[in-house]
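This report refers to the structure that appears directly beneath it.
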Amino acid sequence: MRQIIYLLVMVVLGLIIFGIDVYHDRTVDKQYDQLEGRRWSDDTRCGQVSMFFSENEGVNVDKINEYVYNINKGLIADGLQEADASTQAGNAVWDYCFSSVGSVDTVKDLKTVTAVAIGVGGNYFQFHPMRLVSGNYFPADTVMKDYVILDEDLAWQLFGSDNIVGMDILIGGVPHYIAGVVKRDSGKYVKAAGMVYPTIFMSFESLATYGKIDASVLSTNGTLGVSSVAKKSDDENGNGTSDVDTNAKGVICMEVVMPNMVNNYAKNFVIDKLSLNTTQVDVVDNSARFDNRNLFNLIGKFNTRGMQIKPVIYPYWENNARAYENIFAVLLLIQIVCAVIIFIMIAIIVVQAYRHRKWTVGQLVQKLADWKYDLESNMKYHNQKWKYF
């Protein structure tokens with residue numbers, strides 16, 4: 001009876017382990033902004049690495065271009081890329097994007113809505129392929145900085161529709177043209193990270209020129225999502241300047257996808273080639289963050305996980321990923337406990353079976369010897385039988 005109970009308990013524990021594995025795999029597959037390494041190449045093992053900067057670090061487009069040059073140079077030196085390859089030409093073995101967070105006032109006719117603004121550069125939508133409701137992403141290499149993408153919430157507030165591709169809105173008195181409308185991320189932890197407001201995606205230069213770069217905007221700006229209707233005499237008429245600020249600072253995130261033949265190669269590569277000060281810059285290996293090895297290491301430092309001594313404010317997608325890291329670490333600990341209990345129960349069953357055995361070691365050895373003799377005899381018989389055929 002006791003052994004039956006043990007068996008049932010082991011089956012339940014095994015199902016718990018299996019169920020956690022299924023939940024882990026399905027949930028990871030939904031974290032699309034952490035999976036660019038998986039999407040980038042079918043032939044080469046690749047990894048995605050993110051670098052998070054403080055706004056005070058003063059990272060601007062020139063600094064990003066310097067980083068791009070050093071990465072290209074490093075990949076060529078390591079024999080991973082041809083000397084004439086480039087991300088602009090589309091024949092490089094790697095790609096990148098960068099981003100900042102802030103707010104802008106978006107205007108359509110007499111209506112103004114203050115929206116969360118994600119200022120982007122590089123191939124941002126390759127790394128963050130949000131679901132398009134209409135239109136398209138604006139291309140990474142466009143020289144036009146006046147394309148924008150609205151989320152559904154902002155589109156409906158300004159236009160009362162999401163079928164608005166090609167239309168324009170005013171930002172800072174300057175027309176910006178709508179390339180597409182996306183469905184905003186709406187997961188539990190994305191909302192907890194503050195993404196509950198109308199959102200616009202625009203070029204980093206446009207955000208720096210016509211809006212306000214502020215990585216803490218999701219927690220400090222009480223005007224987000226506020227809309228107002230102006231009198232006719234107050235209506236903006238598009239008299240703003242279209243010259244964007246190309247020297248603005250405030251990039252808080254750069255993401256890279258590149259070959260990652262061995263564990264940690266890509267992460268160590270960017271730290272080394274870009275001479276990053278990791279006491280000020282947080283470097284994350286996105287491709288490995290949900291692996292059991294990383295989660296096991298996280299369990300060991302769980303008590304200090306919430307401490308943040310780097311002057312970095314994470315964007316919403318990183319806060320979402322860190323929340324799932326914590327959940328997966330706890331679930332891994334549960335799996336380990338279940339596996340230990342199963343091992344102990346198996347050990348108890350084996351010990352009890354040995355104590356109540358009706359055989360001796362000598363008898364077991366003799367049975368093995370007899371089995372070996374019978375096997376050899378049968379093989380010899382068959383060899384003799386077919387010898388002359």
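For the structure tokens, the naming scheme is as follows: chains receive sequential letters (A, B, ...) according to their order of presentation, residues are indexed from 1 within each chain, and ligands are indexed from 1 in presentation order.
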
Problem - Selection near Ile327 in chain A, 10 Å with only C-alpha atoms, sequence-local residues under 5 positions removed, as an MDAnalysis selection string - result: chainID A and resid 24 295 321:322 332

Exercise for the section: Show which residues sit within 6 Å of Leu13 in chain A, as a PyMOL selection string. Count only C-alpha atoms, and ignore same-chain residues fewer than 3 positions away. Expected result: chain A and resi 10+16+338

Problem - Selection: 8 Å around range 268-275 of chain A, only C-alpha atoms, excl. self and same-chain fewer than 5 positions, as a ChimeraX atom specification - result: /A:67,70-71,74,283

Can I get the selected residues back with N, CA, C and O atoms, as a PDB file, in the first residue's frame?
```pdb
ATOM      1  N   TYR A  67      29.594  52.805 -32.103  1.00  0.00           N
ATOM      2  CA  TYR A  67      29.426  51.408 -31.685  1.00  0.00           C
ATOM      3  C   TYR A  67      29.246  50.495 -32.898  1.00  0.00           C
ATOM      4  O   TYR A  67      29.812  49.387 -32.952  1.00  0.00           O
ATOM      5  N   ASN A  70      32.584  49.862 -34.531  1.00  0.00           N
ATOM      6  CA  ASN A  70      33.440  48.960 -33.754  1.00  0.00           C
ATOM      7  C   ASN A  70      32.952  47.513 -33.818  1.00  0.00           C
ATOM      8  O   ASN A  70      33.760  46.578 -33.827  1.00  0.00           O
ATOM      9  N   ILE A  71      31.629  47.321 -33.868  1.00  0.00           N
ATOM     10  CA  ILE A  71      31.103  45.962 -33.992  1.00  0.00           C
ATOM     11  C   ILE A  71      31.455  45.385 -35.356  1.00  0.00           C
ATOM     12  O   ILE A  71      31.891  44.229 -35.477  1.00  0.00           O
ATOM     13  N   GLY A  74      35.089  44.501 -35.339  1.00  0.00           N
ATOM     14  CA  GLY A  74      35.353  43.309 -34.534  1.00  0.00           C
ATOM     15  C   GLY A  74      34.930  42.031 -35.217  1.00  0.00           C
ATOM     16  O   GLY A  74      35.631  41.014 -35.146  1.00  0.00           O
ATOM     17  N   VAL A 283      24.347  45.065 -19.315  1.00  0.00           N
ATOM     18  CA  VAL A 283      24.396  44.271 -20.543  1.00  0.00           C
ATOM     19  C   VAL A 283      23.682  42.947 -20.291  1.00  0.00           C
ATOM     20  O   VAL A 283      24.024  42.219 -19.360  1.00  0.00           O
TER      21      VAL A 283
END
```

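The smallest atom-to-atom distance between Gly135 in chain A and any of A:Tyr189, A:Phe343, A:Tyr96, A:Tyr177, using only C-alpha atoms, is found for A:Tyr177.
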
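Counting only C-alpha atoms, the residue from A:Val251, A:Ser287, A:Asn319, A:Ala353 that sits nearest to Asn56 in chain A is A:Val251.
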
Each residue of range 242-341 of chain A with at least one atom at most 12 Å from range 29-33 of chain A should appear once, together with its nearest atom pair and the corresponding distance in Å (one decimal); atoms considered: only C-alpha atoms; ordering: chain, then increasing residue number; output as JSON lines.
```
{"residue": "A:Glu255", "atom": "CA", "partner": "A:Asp33", "partner_atom": "CA", "distance": 10.2}
{"residue": "A:Val256", "atom": "CA", "partner": "A:Asp33", "partner_atom": "CA", "distance": 11.8}
{"residue": "A:Val257", "atom": "CA", "partner": "A:Asp33", "partner_atom": "CA", "distance": 11.6}
{"residue": "A:Asn286", "atom": "CA", "partner": "A:Asp33", "partner_atom": "CA", "distance": 8.9}
{"residue": "A:Ser287", "atom": "CA", "partner": "A:Asp33", "partner_atom": "CA", "distance": 10.2}
{"residue": "A:Arg289", "atom": "CA", "partner": "A:Gln31", "partner_atom": "CA", "distance": 11.5}
{"residue": "A:Phe290", "atom": "CA", "partner": "A:Gln31", "partner_atom": "CA", "distance": 10.4}
{"residue": "A:Pro315", "atom": "CA", "partner": "A:Asp33", "partner_atom": "CA", "distance": 11.8}
{"residue": "A:Tyr316", "atom": "CA", "partner": "A:Asp33", "partner_atom": "CA", "distance": 11.0}
{"residue": "A:Trp317", "atom": "CA", "partner": "A:Asp33", "partner_atom": "CA", "distance": 7.3}
{"residue": "A:Glu318", "atom": "CA", "partner": "A:Asp33", "partner_atom": "CA", "distance": 8.9}
{"residue": "A:Asn319", "atom": "CA", "partner": "A:Asp33", "partner_atom": "CA", "distance": 11.9}
{"residue": "A:Asn320", "atom": "CA", "partner": "A:Gln31", "partner_atom": "CA", "distance": 8.9}
{"residue": "A:Ala321", "atom": "CA", "partner": "A:Gln31", "partner_atom": "CA", "distance": 7.6}
{"residue": "A:Arg322", "atom": "CA", "partner": "A:Gln31", "partner_atom": "CA", "distance": 11.3}
{"residue": "A:Ala323", "atom": "CA", "partner": "A:Gln31", "partner_atom": "CA", "distance": 11.7}
{"residue": "A:Tyr324", "atom": "CA", "partner": "A:Gln31", "partner_atom": "CA", "distance": 9.4}
{"residue": "A:Glu325", "atom": "CA", "partner": "A:Gln31", "partner_atom": "CA", "distance": 11.3}
```

How would the residues just chosen look if you wrote them out with N, CA and C atoms as a PDB file, in the first residue's frame?
```pdb
ATOM      1  N   GLU A 255      20.199  47.393 -28.930  1.00  0.00           N
ATOM      2  CA  GLU A 255      20.057  45.942 -29.030  1.00  0.00           C
ATOM      3  C   GLU A 255      20.799  45.447 -30.262  1.00  0.00           C
ATOM      4  N   VAL A 256      21.457  44.315 -30.098  1.00  0.00           N
ATOM      5  CA  VAL A 256      22.283  43.747 -31.166  1.00  0.00           C
ATOM      6  C   VAL A 256      21.928  42.278 -31.336  1.00  0.00           C
ATOM      7  N   VAL A 257      21.843  41.815 -32.574  1.00  0.00           N
ATOM      8  CA  VAL A 257      21.761  40.385 -32.860  1.00  0.00           C
ATOM      9  C   VAL A 257      22.955  40.031 -33.717  1.00  0.00           C
ATOM     10  N   ASN A 286      19.858  38.401 -23.932  1.00  0.00           N
ATOM     11  CA  ASN A 286      18.434  38.079 -24.034  1.00  0.00           C
ATOM     12  C   ASN A 286      18.190  36.632 -24.422  1.00  0.00           C
ATOM     13  N   SER A 287      19.040  36.096 -25.289  1.00  0.00           N
ATOM     14  CA  SER A 287      18.810  34.754 -25.826  1.00  0.00           C
ATOM     15  C   SER A 287      18.962  33.670 -24.775  1.00  0.00           C
ATOM     16  N   ARG A 289      18.564  34.283 -21.297  1.00  0.00           N
ATOM     17  CA  ARG A 289      18.053  34.705 -19.994  1.00  0.00           C
ATOM     18  C   ARG A 289      17.019  33.741 -19.410  1.00  0.00           C
ATOM     19  N   PHE A 290      16.290  32.995 -20.258  1.00  0.00           N
ATOM     20  CA  PHE A 290      15.271  32.084 -19.755  1.00  0.00           C
ATOM     21  C   PHE A 290      15.755  30.636 -19.707  1.00  0.00           C
ATOM     22  N   PRO A 315      13.357  50.089 -20.050  1.00  0.00           N
ATOM     23  CA  PRO A 315      12.117  50.265 -20.820  1.00  0.00           C
ATOM     24  C   PRO A 315      11.132  49.159 -20.461  1.00  0.00           C
ATOM     25  N   TYR A 316       9.890  49.341 -20.867  1.00  0.00           N
ATOM     26  CA  TYR A 316       8.830  48.433 -20.421  1.00  0.00           C
ATOM     27  C   TYR A 316       9.084  46.989 -20.810  1.00  0.00           C
ATOM     28  N   TRP A 317       9.669  46.747 -22.012  1.00  0.00           N
ATOM     29  CA  TRP A 317       9.858  45.360 -22.451  1.00  0.00           C
ATOM     30  C   TRP A 317      10.902  44.641 -21.601  1.00  0.00           C
ATOM     31  N   GLU A 318      11.883  45.368 -21.082  1.00  0.00           N
ATOM     32  CA  GLU A 318      12.879  44.747 -20.216  1.00  0.00           C
ATOM     33  C   GLU A 318      12.288  44.461 -18.837  1.00  0.00           C
ATOM     34  N   ASN A 319      11.483  45.380 -18.311  1.00  0.00           N
ATOM     35  CA  ASN A 319      10.822  45.119 -17.029  1.00  0.00           C
ATOM     36  C   ASN A 319       9.901  43.912 -17.128  1.00  0.00           C
ATOM     37  N   ASN A 320       9.226  43.766 -18.255  1.00  0.00           N
ATOM     38  CA  ASN A 320       8.372  42.602 -18.480  1.00  0.00           C
ATOM     39  C   ASN A 320       9.203  41.317 -18.481  1.00  0.00           C
ATOM     40  N   ALA A 321      10.338  41.330 -19.180  1.00  0.00           N
ATOM     41  CA  ALA A 321      11.201  40.142 -19.249  1.00  0.00           C
ATOM     42  C   ALA A 321      11.777  39.805 -17.869  1.00  0.00           C
ATOM     43  N   ARG A 322      12.155  40.814 -17.088  1.00  0.00           N
ATOM     44  CA  ARG A 322      12.697  40.566 -15.748  1.00  0.00           C
ATOM     45  C   ARG A 322      11.636  39.969 -14.831  1.00  0.00           C
ATOM     46  N   ALA A 323      10.389  40.370 -15.008  1.00  0.00           N
ATOM     47  CA  ALA A 323       9.310  39.781 -14.205  1.00  0.00           C
ATOM     48  C   ALA A 323       9.183  38.287 -14.500  1.00  0.00           C
ATOM     49  N   TYR A 324       9.252  37.924 -15.789  1.00  0.00           N
ATOM     50  CA  TYR A 324       9.148  36.505 -16.142  1.00  0.00           C
ATOM     51  C   TYR A 324      10.388  35.731 -15.702  1.00  0.00           C
ATOM     52  N   GLU A 325      11.551  36.374 -15.715  1.00  0.00           N
ATOM     53  CA  GLU A 325      12.745  35.715 -15.168  1.00  0.00           C
ATOM     54  C   GLU A 325      12.504  35.302 -13.724  1.00  0.00           C
TER      55      GLU A 325
END
```

Exercise for the section: Apply DSSP to the structure's backbone, then extract all residues of range 231-351 of chain A labelled strand (DSSP E) and return them as a VMD selection string. Expected result: chain A and resid 253 to 259 282 to 285
